[in-house]
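Taking it in order: structure first as structure tokens, then the write-up.
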Amino acid sequence: MELVIASGNKGKIREYRDIFEPFGFRVLSQNEKGISLEVEETGTTFEENAVLKAQAVYDLAHCAVISDDSGLEVAALGGEPGIYSARYRGLETEHERRMAILESLEGAADRSARFVTCICYIEESGERHLFTGIWNGQIAMEESGTNGFGYDPIFIADEAEGRTTASLPITFKETYSHRARAVRELMAYLAARQGKE
Ligand code: IMP
């Protein structure tokens, strides 16, 4: 059975290929399936955006599809940057976006934050499933570390003993991250379903 990944991100494509192939799927990127589609993320939640992306590809491909949407929510900023994490305040670079958050939190007592990932999996039949992963932590006082990407240099996970995600080995994210948690839910679903077949 074919599964199309509704993304152009090479890291994501590799990750989902590794998850689905052991379950007997022939995994293709959107490009490999011949679909060139830039879906506008007009949803107001991670869930809505993940569904928009997966459904648009499903409507063209009519086979199983997977997509996801992630971001950082900072409590003192009313959940911002949230779904706008990749384009927060129109700032060009990841460094600028991180600095915008640090500056907004100057003097704030509450620095709590969380990463969220929502995965949308549409089965060949069109049945939709959503899997959400949440990773709680705090925003650091300053950037540190060079591992990872995005907001990793300013995010201190609850399990991290005061160090930013970017200061820790990549294996740490593989165990605890929002994405790892959502992926585990998805894999548990696939394993349970395979057990029923
Ligand atoms: P995406 O939906 O997975 O492409 O993530 C959107 C944006 O959220 C990224 O461009 C990052 O700014 C931020 N983000 C998502 N996941 C992470 C992460 O694991 N670490 C740091 N930033 C992240």
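Simple scheme: letters A, B, ... for chains in structure tokens order, numbers from 1 for residues in each chain, numbers from 1 for ligands in the order shown.
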When the cut-off is 9 Å and you count only C-alpha atoms and all ligand atoms, which residues lie near ligand 1, shown as a PDB file with all heavy atoms, in the first residue's frame?
```
ATOM      1  N   SER A   7       4.734  16.738   2.612  1.00  0.00           N
ATOM      2  CA  SER A   7       5.767  17.667   3.071  1.00  0.00           C
ATOM      3  C   SER A   7       6.905  17.644   2.070  1.00  0.00           C
ATOM      4  O   SER A   7       7.108  16.651   1.360  1.00  0.00           O
ATOM      5  CB  SER A   7       6.292  17.221   4.446  1.00  0.00           C
ATOM      6  OG  SER A   7       7.427  17.974   4.813  1.00  0.00           O
ATOM      7  N   ASN A   9       9.925  18.595   3.389  1.00  0.00           N
ATOM      8  CA  ASN A   9      11.037  18.610   4.338  1.00  0.00           C
ATOM      9  C   ASN A   9      11.741  17.242   4.366  1.00  0.00           C
ATOM     10  O   ASN A   9      11.144  16.238   4.736  1.00  0.00           O
ATOM     11  CB  ASN A   9      10.458  18.971   5.712  1.00  0.00           C
ATOM     12  CG  ASN A   9      11.509  18.993   6.796  1.00  0.00           C
ATOM     13  OD1 ASN A   9      12.355  18.117   6.886  1.00  0.00           O
ATOM     14  ND2 ASN A   9      11.430  20.003   7.633  1.00  0.00           N
ATOM     15  N   LYS A  12      11.765  15.216   7.669  1.00  0.00           N
ATOM     16  CA  LYS A  12      10.468  14.605   7.970  1.00  0.00           C
ATOM     17  C   LYS A  12      10.217  13.393   7.076  1.00  0.00           C
ATOM     18  O   LYS A  12       9.717  12.370   7.520  1.00  0.00           O
ATOM     19  CB  LYS A  12       9.334  15.609   7.735  1.00  0.00           C
ATOM     20  CG  LYS A  12       9.165  16.586   8.863  1.00  0.00           C
ATOM     21  CD  LYS A  12       7.939  17.439   8.650  1.00  0.00           C
ATOM     22  CE  LYS A  12       7.914  18.531   9.690  1.00  0.00           C
ATOM     23  NZ  LYS A  12       6.829  19.466   9.485  1.00  0.00           N
ATOM     24  N   PHE A  46      -2.995  23.833  15.251  1.00  0.00           N
ATOM     25  CA  PHE A  46      -2.083  22.853  14.640  1.00  0.00           C
ATOM     26  C   PHE A  46      -2.894  21.749  13.965  1.00  0.00           C
ATOM     27  O   PHE A  46      -2.561  21.305  12.875  1.00  0.00           O
ATOM     28  CB  PHE A  46      -1.161  22.237  15.704  1.00  0.00           C
ATOM     29  CG  PHE A  46      -0.250  23.233  16.356  1.00  0.00           C
ATOM     30  CD1 PHE A  46      -0.398  23.566  17.690  1.00  0.00           C
ATOM     31  CD2 PHE A  46       0.774  23.839  15.636  1.00  0.00           C
ATOM     32  CE1 PHE A  46       0.455  24.484  18.294  1.00  0.00           C
ATOM     33  CE2 PHE A  46       1.627  24.760  16.226  1.00  0.00           C
ATOM     34  CZ  PHE A  46       1.461  25.079  17.567  1.00  0.00           C
ATOM     35  N   ASN A  49      -4.339  22.852  10.602  1.00  0.00           N
ATOM     36  CA  ASN A  49      -3.330  22.956   9.546  1.00  0.00           C
ATOM     37  C   ASN A  49      -2.830  21.584   9.091  1.00  0.00           C
ATOM     38  O   ASN A  49      -2.599  21.366   7.900  1.00  0.00           O
ATOM     39  CB  ASN A  49      -2.158  23.829  10.012  1.00  0.00           C
ATOM     40  CG  ASN A  49      -2.513  25.303   9.929  1.00  0.00           C
ATOM     41  OD1 ASN A  49      -3.363  25.707   9.142  1.00  0.00           O
ATOM     42  ND2 ASN A  49      -1.872  26.114  10.742  1.00  0.00           N
ATOM     43  N   ALA A  50      -2.667  20.668  10.051  1.00  0.00           N
ATOM     44  CA  ALA A  50      -2.218  19.315   9.673  1.00  0.00           C
ATOM     45  C   ALA A  50      -3.272  18.666   8.778  1.00  0.00           C
ATOM     46  O   ALA A  50      -2.944  18.037   7.758  1.00  0.00           O
ATOM     47  CB  ALA A  50      -1.972  18.472  10.925  1.00  0.00           C
ATOM     48  N   ASP A  68       2.098  16.799   9.194  1.00  0.00           N
ATOM     49  CA  ASP A  68       2.123  17.272  10.585  1.00  0.00           C
ATOM     50  C   ASP A  68       2.289  18.773  10.637  1.00  0.00           C
ATOM     51  O   ASP A  68       2.638  19.415   9.641  1.00  0.00           O
ATOM     52  CB  ASP A  68       3.197  16.555  11.408  1.00  0.00           C
ATOM     53  CG  ASP A  68       4.607  16.841  10.929  1.00  0.00           C
ATOM     54  OD1 ASP A  68       4.862  17.925  10.403  1.00  0.00           O
ATOM     55  OD2 ASP A  68       5.452  15.944  11.085  1.00  0.00           O
ATOM     56  N   ASP A  69       1.999  19.330  11.791  1.00  0.00           N
ATOM     57  CA  ASP A  69       2.192  20.749  12.023  1.00  0.00           C
ATOM     58  C   ASP A  69       2.653  20.914  13.466  1.00  0.00           C
ATOM     59  O   ASP A  69       2.109  20.270  14.363  1.00  0.00           O
ATOM     60  CB  ASP A  69       0.885  21.514  11.776  1.00  0.00           C
ATOM     61  CG  ASP A  69       1.148  22.992  11.535  1.00  0.00           C
ATOM     62  OD1 ASP A  69       2.035  23.309  10.717  1.00  0.00           O
ATOM     63  OD2 ASP A  69       0.486  23.834  12.162  1.00  0.00           O
ATOM     64  N   SER A  70       3.668  21.755  13.664  1.00  0.00           N
ATOM     65  CA  SER A  70       4.247  21.902  15.005  1.00  0.00           C
ATOM     66  C   SER A  70       4.523  23.364  15.314  1.00  0.00           C
ATOM     67  O   SER A  70       4.566  24.198  14.413  1.00  0.00           O
ATOM     68  CB  SER A  70       5.612  21.213  15.112  1.00  0.00           C
ATOM     69  OG  SER A  70       5.614  19.969  14.540  1.00  0.00           O
ATOM     70  N   GLY A  71       4.798  23.633  16.580  1.00  0.00           N
ATOM     71  CA  GLY A  71       5.208  24.971  16.961  1.00  0.00           C
ATOM     72  C   GLY A  71       5.396  25.089  18.447  1.00  0.00           C
ATOM     73  O   GLY A  71       5.177  24.148  19.203  1.00  0.00           O
ATOM     74  N   LEU A  72       5.803  26.296  18.847  1.00  0.00           N
ATOM     75  CA  LEU A  72       6.079  26.606  20.248  1.00  0.00           C
ATOM     76  C   LEU A  72       4.981  27.520  20.781  1.00  0.00           C
ATOM     77  O   LEU A  72       4.636  28.508  20.123  1.00  0.00           O
ATOM     78  CB  LEU A  72       7.434  27.327  20.339  1.00  0.00           C
ATOM     79  CG  LEU A  72       7.856  27.808  21.726  1.00  0.00           C
ATOM     80  CD1 LEU A  72       8.251  26.614  22.607  1.00  0.00           C
ATOM     81  CD2 LEU A  72       9.030  28.779  21.620  1.00  0.00           C
ATOM     82  N   PRO A  81       4.489  31.917  19.778  1.00  0.00           N
ATOM     83  CA  PRO A  81       4.151  32.106  18.367  1.00  0.00           C
ATOM     84  C   PRO A  81       3.165  31.063  17.812  1.00  0.00           C
ATOM     85  O   PRO A  81       2.581  31.293  16.772  1.00  0.00           O
ATOM     86  CB  PRO A  81       5.496  32.005  17.660  1.00  0.00           C
ATOM     87  CG  PRO A  81       6.380  31.254  18.586  1.00  0.00           C
ATOM     88  CD  PRO A  81       5.901  31.522  19.974  1.00  0.00           C
ATOM     89  N   GLY A  82       2.989  29.926  18.486  1.00  0.00           N
ATOM     90  CA  GLY A  82       1.965  28.960  18.075  1.00  0.00           C
ATOM     91  C   GLY A  82       2.060  28.570  16.615  1.00  0.00           C
ATOM     92  O   GLY A  82       3.141  28.226  16.129  1.00  0.00           O
ATOM     93  N   ILE A  83       0.920  28.640  15.930  1.00  0.00           N
ATOM     94  CA  ILE A  83       0.907  28.195  14.523  1.00  0.00           C
ATOM     95  C   ILE A  83       1.752  29.101  13.619  1.00  0.00           C
ATOM     96  O   ILE A  83       2.007  28.771  12.473  1.00  0.00           O
ATOM     97  CB  ILE A  83      -0.529  28.091  13.953  1.00  0.00           C
ATOM     98  CG1 ILE A  83      -1.255  29.418  14.109  1.00  0.00           C
ATOM     99  CG2 ILE A  83      -1.293  26.959  14.630  1.00  0.00           C
ATOM    100  CD1 ILE A  83      -2.559  29.485  13.312  1.00  0.00           C
ATOM    101  N   TYR A  84       2.182  30.246  14.176  1.00  0.00           N
ATOM    102  CA  TYR A  84       3.024  31.154  13.383  1.00  0.00           C
ATOM    103  C   TYR A  84       4.509  30.959  13.684  1.00  0.00           C
ATOM    104  O   TYR A  84       5.326  31.818  13.353  1.00  0.00           O
ATOM    105  CB  TYR A  84       2.620  32.618  13.642  1.00  0.00           C
ATOM    106  CG  TYR A  84       1.162  32.859  13.368  1.00  0.00           C
ATOM    107  CD1 TYR A  84       0.262  33.059  14.411  1.00  0.00           C
ATOM    108  CD2 TYR A  84       0.674  32.825  12.066  1.00  0.00           C
ATOM    109  CE1 TYR A  84      -1.100  33.233  14.162  1.00  0.00           C
ATOM    110  CE2 TYR A  84      -0.672  32.994  11.808  1.00  0.00           C
ATOM    111  CZ  TYR A  84      -1.548  33.199  12.850  1.00  0.00           C
ATOM    112  OH  TYR A  84      -2.882  33.362  12.600  1.00  0.00           O
ATOM    113  N   SER A  85       4.874  29.844  14.329  1.00  0.00           N
ATOM    114  CA  SER A  85       6.263  29.644  14.781  1.00  0.00           C
ATOM    115  C   SER A  85       7.293  29.812  13.674  1.00  0.00           C
ATOM    116  O   SER A  85       8.361  30.373  13.902  1.00  0.00           O
ATOM    117  CB  SER A  85       6.416  28.258  15.410  1.00  0.00           C
ATOM    118  OG  SER A  85       5.704  28.206  16.631  1.00  0.00           O
ATOM    119  N   ALA A  86       6.975  29.335  12.476  1.00  0.00           N
ATOM    120  CA  ALA A  86       7.960  29.376  11.391  1.00  0.00           C
ATOM    121  C   ALA A  86       8.069  30.766  10.770  1.00  0.00           C
ATOM    122  O   ALA A  86       9.019  31.057  10.051  1.00  0.00           O
ATOM    123  CB  ALA A  86       7.596  28.363  10.312  1.00  0.00           C
ATOM    124  N   ARG A  87       7.093  31.621  11.052  1.00  0.00           N
ATOM    125  CA  ARG A  87       7.108  32.949  10.400  1.00  0.00           C
ATOM    126  C   ARG A  87       6.757  34.024  11.424  1.00  0.00           C
ATOM    127  O   ARG A  87       6.099  35.015  11.096  1.00  0.00           O
ATOM    128  CB  ARG A  87       6.142  32.958   9.214  1.00  0.00           C
ATOM    129  CG  ARG A  87       4.777  32.364   9.585  1.00  0.00           C
ATOM    130  CD  ARG A  87       3.985  31.801   8.416  1.00  0.00           C
ATOM    131  NE  ARG A  87       3.145  30.692   8.852  1.00  0.00           N
ATOM    132  CZ  ARG A  87       1.815  30.679   8.796  1.00  0.00           C
ATOM    133  NH1 ARG A  87       1.144  31.674   8.297  1.00  0.00           N
ATOM    134  NH2 ARG A  87       1.139  29.636   9.223  1.00  0.00           N
ATOM    135  N   TYR A  88       7.156  33.815  12.671  1.00  0.00           N
ATOM    136  CA  TYR A  88       6.752  34.694  13.776  1.00  0.00           C
ATOM    137  C   TYR A  88       7.089  36.154  13.496  1.00  0.00           C
ATOM    138  O   TYR A  88       8.234  36.500  13.213  1.00  0.00           O
ATOM    139  CB  TYR A  88       7.443  34.223  15.060  1.00  0.00           C
ATOM    140  CG  TYR A  88       6.977  34.910  16.317  1.00  0.00           C
ATOM    141  CD1 TYR A  88       5.639  35.191  16.540  1.00  0.00           C
ATOM    142  CD2 TYR A  88       7.887  35.267  17.297  1.00  0.00           C
ATOM    143  CE1 TYR A  88       5.215  35.814  17.709  1.00  0.00           C
ATOM    144  CE2 TYR A  88       7.473  35.874  18.477  1.00  0.00           C
ATOM    145  CZ  TYR A  88       6.130  36.148  18.666  1.00  0.00           C
ATOM    146  OH  TYR A  88       5.722  36.760  19.817  1.00  0.00           O
ATOM    147  N   GLU A  94      15.810  32.375  12.201  1.00  0.00           N
ATOM    148  CA  GLU A  94      15.450  31.695  13.452  1.00  0.00           C
ATOM    149  C   GLU A  94      16.001  32.472  14.644  1.00  0.00           C
ATOM    150  O   GLU A  94      15.347  32.578  15.674  1.00  0.00           O
ATOM    151  CB  GLU A  94      16.002  30.257  13.438  1.00  0.00           C
ATOM    152  CG  GLU A  94      15.275  29.393  12.419  1.00  0.00           C
ATOM    153  CD  GLU A  94      15.698  27.934  12.449  1.00  0.00           C
ATOM    154  OE1 GLU A  94      16.861  27.645  12.781  1.00  0.00           O
ATOM    155  OE2 GLU A  94      14.845  27.091  12.137  1.00  0.00           O
ATOM    156  N   ARG A  97      13.790  35.365  15.445  1.00  0.00           N
ATOM    157  CA  ARG A  97      12.533  34.921  16.072  1.00  0.00           C
ATOM    158  C   ARG A  97      12.763  34.527  17.531  1.00  0.00           C
ATOM    159  O   ARG A  97      11.941  34.818  18.398  1.00  0.00           O
ATOM    160  CB  ARG A  97      11.928  33.762  15.261  1.00  0.00           C
ATOM    161  CG  ARG A  97      11.460  34.198  13.876  1.00  0.00           C
ATOM    162  CD  ARG A  97      10.624  33.147  13.192  1.00  0.00           C
ATOM    163  NE  ARG A  97      11.392  32.051  12.638  1.00  0.00           N
ATOM    164  CZ  ARG A  97      11.880  32.025  11.394  1.00  0.00           C
ATOM    165  NH1 ARG A  97      11.678  33.039  10.567  1.00  0.00           N
ATOM    166  NH2 ARG A  97      12.555  30.974  10.956  1.00  0.00           N
ATOM    167  N   ARG A  98      13.907  33.897  17.796  1.00  0.00           N
ATOM    168  CA  ARG A  98      14.218  33.540  19.194  1.00  0.00           C
ATOM    169  C   ARG A  98      14.419  34.799  20.025  1.00  0.00           C
ATOM    170  O   ARG A  98      13.914  34.901  21.152  1.00  0.00           O
ATOM    171  CB  ARG A  98      15.503  32.686  19.259  1.00  0.00           C
ATOM    172  CG  ARG A  98      15.345  31.310  18.668  1.00  0.00           C
ATOM    173  CD  ARG A  98      16.526  30.423  19.000  1.00  0.00           C
ATOM    174  NE  ARG A  98      17.788  30.813  18.399  1.00  0.00           N
ATOM    175  CZ  ARG A  98      18.258  30.338  17.241  1.00  0.00           C
ATOM    176  NH1 ARG A  98      17.575  29.437  16.560  1.00  0.00           N
ATOM    177  NH2 ARG A  98      19.428  30.740  16.775  1.00  0.00           N
ATOM    178  N   PHE A 115       6.120  22.827  23.406  1.00  0.00           N
ATOM    179  CA  PHE A 115       6.108  22.506  21.988  1.00  0.00           C
ATOM    180  C   PHE A 115       4.921  21.581  21.737  1.00  0.00           C
ATOM    181  O   PHE A 115       4.609  20.716  22.569  1.00  0.00           O
ATOM    182  CB  PHE A 115       7.369  21.743  21.592  1.00  0.00           C
ATOM    183  CG  PHE A 115       8.548  22.602  21.238  1.00  0.00           C
ATOM    184  CD1 PHE A 115       9.741  22.490  21.940  1.00  0.00           C
ATOM    185  CD2 PHE A 115       8.481  23.502  20.187  1.00  0.00           C
ATOM    186  CE1 PHE A 115      10.841  23.266  21.609  1.00  0.00           C
ATOM    187  CE2 PHE A 115       9.571  24.277  19.842  1.00  0.00           C
ATOM    188  CZ  PHE A 115      10.763  24.154  20.550  1.00  0.00           C
ATOM    189  N   VAL A 116       4.287  21.754  20.592  1.00  0.00           N
ATOM    190  CA  VAL A 116       3.160  20.900  20.215  1.00  0.00           C
ATOM    191  C   VAL A 116       3.379  20.377  18.794  1.00  0.00           C
ATOM    192  O   VAL A 116       3.824  21.130  17.921  1.00  0.00           O
ATOM    193  CB  VAL A 116       1.824  21.692  20.238  1.00  0.00           C
ATOM    194  CG1 VAL A 116       0.652  20.780  19.885  1.00  0.00           C
ATOM    195  CG2 VAL A 116       1.596  22.347  21.587  1.00  0.00           C
ATOM    196  N   THR A 117       3.092  19.101  18.590  1.00  0.00           N
ATOM    197  CA  THR A 117       3.050  18.530  17.233  1.00  0.00           C
ATOM    198  C   THR A 117       1.705  17.859  17.045  1.00  0.00           C
ATOM    199  O   THR A 117       1.261  17.122  17.929  1.00  0.00           O
ATOM    200  CB  THR A 117       4.111  17.426  17.038  1.00  0.00           C
ATOM    201  OG1 THR A 117       5.395  18.016  16.999  1.00  0.00           O
ATOM    202  CG2 THR A 117       3.912  16.669  15.729  1.00  0.00           C
ATOM    203  N   CYS A 118       1.092  18.111  15.916  1.00  0.00           N
ATOM    204  CA  CYS A 118      -0.113  17.358  15.574  1.00  0.00           C
ATOM    205  C   CYS A 118       0.143  16.635  14.256  1.00  0.00           C
ATOM    206  O   CYS A 118       0.518  17.261  13.255  1.00  0.00           O
ATOM    207  CB  CYS A 118      -1.311  18.291  15.442  1.00  0.00           C
ATOM    208  SG  CYS A 118      -2.781  17.345  15.070  1.00  0.00           S
ATOM    209  N   GLY A 148      20.067  20.818  17.022  1.00  0.00           N
ATOM    210  CA  GLY A 148      18.646  21.022  16.717  1.00  0.00           C
ATOM    211  C   GLY A 148      18.420  22.202  15.792  1.00  0.00           C
ATOM    212  O   GLY A 148      19.280  22.564  14.982  1.00  0.00           O
ATOM    213  N   PHE A 149      17.266  22.837  15.922  1.00  0.00           N
ATOM    214  CA  PHE A 149      16.894  23.927  15.019  1.00  0.00           C
ATOM    215  C   PHE A 149      15.838  24.787  15.712  1.00  0.00           C
ATOM    216  O   PHE A 149      15.444  24.517  16.857  1.00  0.00           O
ATOM    217  CB  PHE A 149      16.350  23.360  13.694  1.00  0.00           C
ATOM    218  CG  PHE A 149      15.014  22.665  13.858  1.00  0.00           C
ATOM    219  CD1 PHE A 149      13.811  23.319  13.539  1.00  0.00           C
ATOM    220  CD2 PHE A 149      14.938  21.377  14.347  1.00  0.00           C
ATOM    221  CE1 PHE A 149      12.588  22.689  13.698  1.00  0.00           C
ATOM    222  CE2 PHE A 149      13.716  20.742  14.511  1.00  0.00           C
ATOM    223  CZ  PHE A 149      12.537  21.393  14.197  1.00  0.00           C
ATOM    224  N   GLY A 150      15.363  25.782  15.018  1.00  0.00           N
ATOM    225  CA  GLY A 150      14.240  26.593  15.487  1.00  0.00           C
ATOM    226  C   GLY A 150      14.454  27.144  16.889  1.00  0.00           C
ATOM    227  O   GLY A 150      15.455  27.810  17.169  1.00  0.00           O
ATOM    228  N   TYR A 151      13.542  26.833  17.786  1.00  0.00           N
ATOM    229  CA  TYR A 151      13.570  27.405  19.135  1.00  0.00           C
ATOM    230  C   TYR A 151      14.365  26.557  20.120  1.00  0.00           C
ATOM    231  O   TYR A 151      14.365  26.841  21.323  1.00  0.00           O
ATOM    232  CB  TYR A 151      12.129  27.612  19.631  1.00  0.00           C
ATOM    233  CG  TYR A 151      11.368  28.582  18.748  1.00  0.00           C
ATOM    234  CD1 TYR A 151      10.522  28.133  17.739  1.00  0.00           C
ATOM    235  CD2 TYR A 151      11.536  29.960  18.899  1.00  0.00           C
ATOM    236  CE1 TYR A 151       9.852  29.013  16.900  1.00  0.00           C
ATOM    237  CE2 TYR A 151      10.871  30.854  18.070  1.00  0.00           C
ATOM    238  CZ  TYR A 151      10.031  30.367  17.070  1.00  0.00           C
ATOM    239  OH  TYR A 151       9.391  31.258  16.248  1.00  0.00           O
ATOM    240  N   ASP A 152      15.065  25.524  19.658  1.00  0.00           N
ATOM    241  CA  ASP A 152      15.814  24.647  20.573  1.00  0.00           C
ATOM    242  C   ASP A 152      16.813  25.399  21.458  1.00  0.00           C
ATOM    243  O   ASP A 152      16.965  25.046  22.634  1.00  0.00           O
ATOM    244  CB  ASP A 152      16.535  23.534  19.790  1.00  0.00           C
ATOM    245  CG  ASP A 152      15.561  22.468  19.286  1.00  0.00           C
ATOM    246  OD1 ASP A 152      14.453  22.371  19.836  1.00  0.00           O
ATOM    247  OD2 ASP A 152      15.916  21.742  18.348  1.00  0.00           O
ATOM    248  N   PRO A 153      17.502  26.447  20.960  1.00  0.00           N
ATOM    249  CA  PRO A 153      18.475  27.128  21.824  1.00  0.00           C
ATOM    250  C   PRO A 153      17.847  27.928  22.974  1.00  0.00           C
ATOM    251  O   PRO A 153      18.574  28.382  23.866  1.00  0.00           O
ATOM    252  CB  PRO A 153      19.208  28.080  20.857  1.00  0.00           C
ATOM    253  CG  PRO A 153      19.020  27.471  19.512  1.00  0.00           C
ATOM    254  CD  PRO A 153      17.644  26.870  19.538  1.00  0.00           C
ATOM    255  N   ILE A 154      16.524  28.108  22.978  1.00  0.00           N
ATOM    256  CA  ILE A 154      15.921  28.848  24.103  1.00  0.00           C
ATOM    257  C   ILE A 154      14.900  28.003  24.865  1.00  0.00           C
ATOM    258  O   ILE A 154      14.216  28.518  25.752  1.00  0.00           O
ATOM    259  CB  ILE A 154      15.269  30.188  23.650  1.00  0.00           C
ATOM    260  CG1 ILE A 154      14.164  29.955  22.623  1.00  0.00           C
ATOM    261  CG2 ILE A 154      16.321  31.160  23.135  1.00  0.00           C
ATOM    262  CD1 ILE A 154      13.279  31.192  22.399  1.00  0.00           C
ATOM    263  N   PHE A 155      14.799  26.719  24.549  1.00  0.00           N
ATOM    264  CA  PHE A 155      13.792  25.880  25.218  1.00  0.00           C
ATOM    265  C   PHE A 155      14.467  24.938  26.212  1.00  0.00           C
ATOM    266  O   PHE A 155      15.358  24.162  25.846  1.00  0.00           O
ATOM    267  CB  PHE A 155      13.009  25.068  24.189  1.00  0.00           C
ATOM    268  CG  PHE A 155      11.892  24.245  24.776  1.00  0.00           C
ATOM    269  CD1 PHE A 155      10.718  24.851  25.219  1.00  0.00           C
ATOM    270  CD2 PHE A 155      12.015  22.866  24.903  1.00  0.00           C
ATOM    271  CE1 PHE A 155       9.683  24.093  25.769  1.00  0.00           C
ATOM    272  CE2 PHE A 155      10.985  22.099  25.448  1.00  0.00           C
ATOM    273  CZ  PHE A 155       9.817  22.716  25.877  1.00  0.00           C
ATOM    274  N   THR A 165      17.511  22.564  24.917  1.00  0.00           N
ATOM    275  CA  THR A 165      17.480  21.400  24.022  1.00  0.00           C
ATOM    276  C   THR A 165      18.679  21.422  23.076  1.00  0.00           C
ATOM    277  O   THR A 165      19.255  20.380  22.768  1.00  0.00           O
ATOM    278  CB  THR A 165      16.175  21.408  23.208  1.00  0.00           C
ATOM    279  OG1 THR A 165      15.098  21.480  24.126  1.00  0.00           O
ATOM    280  CG2 THR A 165      16.024  20.174  22.359  1.00  0.00           C
ATOM    281  N   ALA A 166      19.071  22.622  22.648  1.00  0.00           N
ATOM    282  CA  ALA A 166      20.198  22.734  21.709  1.00  0.00           C
ATOM    283  C   ALA A 166      21.533  22.413  22.367  1.00  0.00           C
ATOM    284  O   ALA A 166      22.525  22.214  21.679  1.00  0.00           O
ATOM    285  CB  ALA A 166      20.230  24.140  21.117  1.00  0.00           C
ATOM    286  N   LYS A 173      16.127  14.618  22.259  1.00  0.00           N
ATOM    287  CA  LYS A 173      14.892  14.948  21.531  1.00  0.00           C
ATOM    288  C   LYS A 173      14.189  13.688  21.020  1.00  0.00           C
ATOM    289  O   LYS A 173      12.974  13.609  21.006  1.00  0.00           O
ATOM    290  CB  LYS A 173      15.210  15.834  20.314  1.00  0.00           C
ATOM    291  CG  LYS A 173      15.233  17.293  20.624  1.00  0.00           C
ATOM    292  CD  LYS A 173      15.419  18.115  19.375  1.00  0.00           C
ATOM    293  CE  LYS A 173      14.123  18.725  18.916  1.00  0.00           C
ATOM    294  NZ  LYS A 173      14.338  19.699  17.826  1.00  0.00           N
ATOM    295  N   SER A 177      10.848  14.618  22.830  1.00  0.00           N
ATOM    296  CA  SER A 177      10.242  15.762  22.136  1.00  0.00           C
ATOM    297  C   SER A 177       8.756  15.562  21.818  1.00  0.00           C
ATOM    298  O   SER A 177       8.245  14.438  21.799  1.00  0.00           O
ATOM    299  CB  SER A 177      10.994  16.064  20.838  1.00  0.00           C
ATOM    300  OG  SER A 177      10.546  15.202  19.815  1.00  0.00           O
ATOM    301  N   HIS A 178       8.088  16.670  21.582  1.00  0.00           N
ATOM    302  CA  HIS A 178       6.694  16.681  21.139  1.00  0.00           C
ATOM    303  C   HIS A 178       6.499  15.776  19.930  1.00  0.00           C
ATOM    304  O   HIS A 178       5.559  15.004  19.853  1.00  0.00           O
ATOM    305  CB  HIS A 178       6.279  18.123  20.812  1.00  0.00           C
ATOM    306  CG  HIS A 178       7.246  18.850  19.914  1.00  0.00           C
ATOM    307  ND1 HIS A 178       8.603  18.838  20.121  1.00  0.00           N
ATOM    308  CD2 HIS A 178       7.060  19.573  18.788  1.00  0.00           C
ATOM    309  CE1 HIS A 178       9.201  19.546  19.186  1.00  0.00           C
ATOM    310  NE2 HIS A 178       8.289  19.995  18.358  1.00  0.00           N
ATOM    311  N   ARG A 179       7.456  15.859  18.972  1.00  0.00           N
ATOM    312  CA  ARG A 179       7.337  15.061  17.754  1.00  0.00           C
ATOM    313  C   ARG A 179       7.477  13.573  18.094  1.00  0.00           C
ATOM    314  O   ARG A 179       6.699  12.746  17.618  1.00  0.00           O
ATOM    315  CB  ARG A 179       8.407  15.506  16.750  1.00  0.00           C
ATOM    316  CG  ARG A 179       8.137  15.067  15.340  1.00  0.00           C
ATOM    317  CD  ARG A 179       9.041  15.785  14.341  1.00  0.00           C
ATOM    318  NE  ARG A 179       8.756  17.214  14.276  1.00  0.00           N
ATOM    319  CZ  ARG A 179       9.515  18.158  14.829  1.00  0.00           C
ATOM    320  NH1 ARG A 179      10.604  17.850  15.491  1.00  0.00           N
ATOM    321  NH2 ARG A 179       9.178  19.421  14.727  1.00  0.00           N
TER     322      ARG A 179
END
```
- Message: Taking 2 positions as the minimum chain separation for residues in the same chain, which residues sit within 12 Å of Lys53 in chain A when counting only C-alpha atoms? Answer as a PyMOL selection string.
- Response: chain A and resi 4-8+30+37-43+46-51+55-60+65-69+118-122
- Backbone DSSP call of strand (DSSP E) for range 9-55 of chain A, listed as a VMD selection string: chain A and resid 26 to 29
- Which of these residues is nearest to Trp135 in chain A, using only C-alpha atoms: A:Ala191, A:Ala182, A:Leu168, A:Ile13?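 The shortest atom-to-atom distance to Trp135 in chain A comes from A:Ala182.
Residues with any atom within 10 Å of Gly162 in chain A, counting only C-alpha atoms and excluding same-chain neighbours fewer than 4 positions away, are A:Gly137, A:Gln138, A:Ala140, A:Phe155, A:Ile156, A:Ala157, A:Asp158.
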- Task: DSSP on the backbone, then: every residue of range 2-197 of chain A marked alpha helix (DSSP H), written as a PyMOL selection string.
- Result: chain A and resi 10-20+46-61+94-104+170-176+178-196
- Message: Report, in Å to a single decimal, how far apart CA of Asn147 in chain A and CA of Gly107 in chain A are.
- Response: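 So the answer is 27.2 Å.
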- Shortest interatomic distance to Leu77 in chain A - which of A:Leu28, A:Ile139, A:Ile35, A:Ala64, counting only C-alpha atoms: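 For Leu77 in chain A, the nearest of the candidates is A:Ile139.
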- Residue contacts of range 187-190 of chain A (9 Å, only C-alpha atoms) excluding same-chain residues fewer than 4 positions away, as a list in words: Ile19, Phe20, Phe23, Ala182, Val183, Gln194 and Gly195 of chain A
Produce a file of the selected residues containing N, CA and C atoms, as a short mmCIF file (atom, residue, chain, number, x, y, z; two decimals), in the first residue's frame.
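Everything below was put into out-v9.cif:
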```cif
data_model
loop_
_atom_site.label_atom_id
_atom_site.label_comp_id
_atom_site.auth_asym_id
_atom_site.auth_seq_id
_atom_site.Cartn_x
_atom_site.Cartn_y
_atom_site.Cartn_z
N ILE A 19 9.32 5.02 9.82
CA ILE A 19 8.20 4.56 10.64
C ILE A 19 7.29 3.63 9.85
N PHE A 20 6.96 4.02 8.63
CA PHE A 20 5.90 3.30 7.90
C PHE A 20 6.39 2.08 7.13
N PHE A 23 5.80 -1.35 8.41
CA PHE A 23 4.39 -1.78 8.40
C PHE A 23 3.92 -2.14 6.98
N ALA A 182 4.22 12.33 19.62
CA ALA A 182 3.14 12.15 18.65
C ALA A 182 3.41 10.92 17.78
N VAL A 183 4.69 10.75 17.40
CA VAL A 183 5.06 9.61 16.57
C VAL A 183 4.82 8.30 17.33
N GLN A 194 -2.53 -3.35 13.06
CA GLN A 194 -1.94 -4.50 12.38
C GLN A 194 -2.28 -5.79 13.15
N GLY A 195 -2.30 -5.66 14.49
CA GLY A 195 -2.65 -6.81 15.33
C GLY A 195 -4.05 -7.31 15.06
#
```
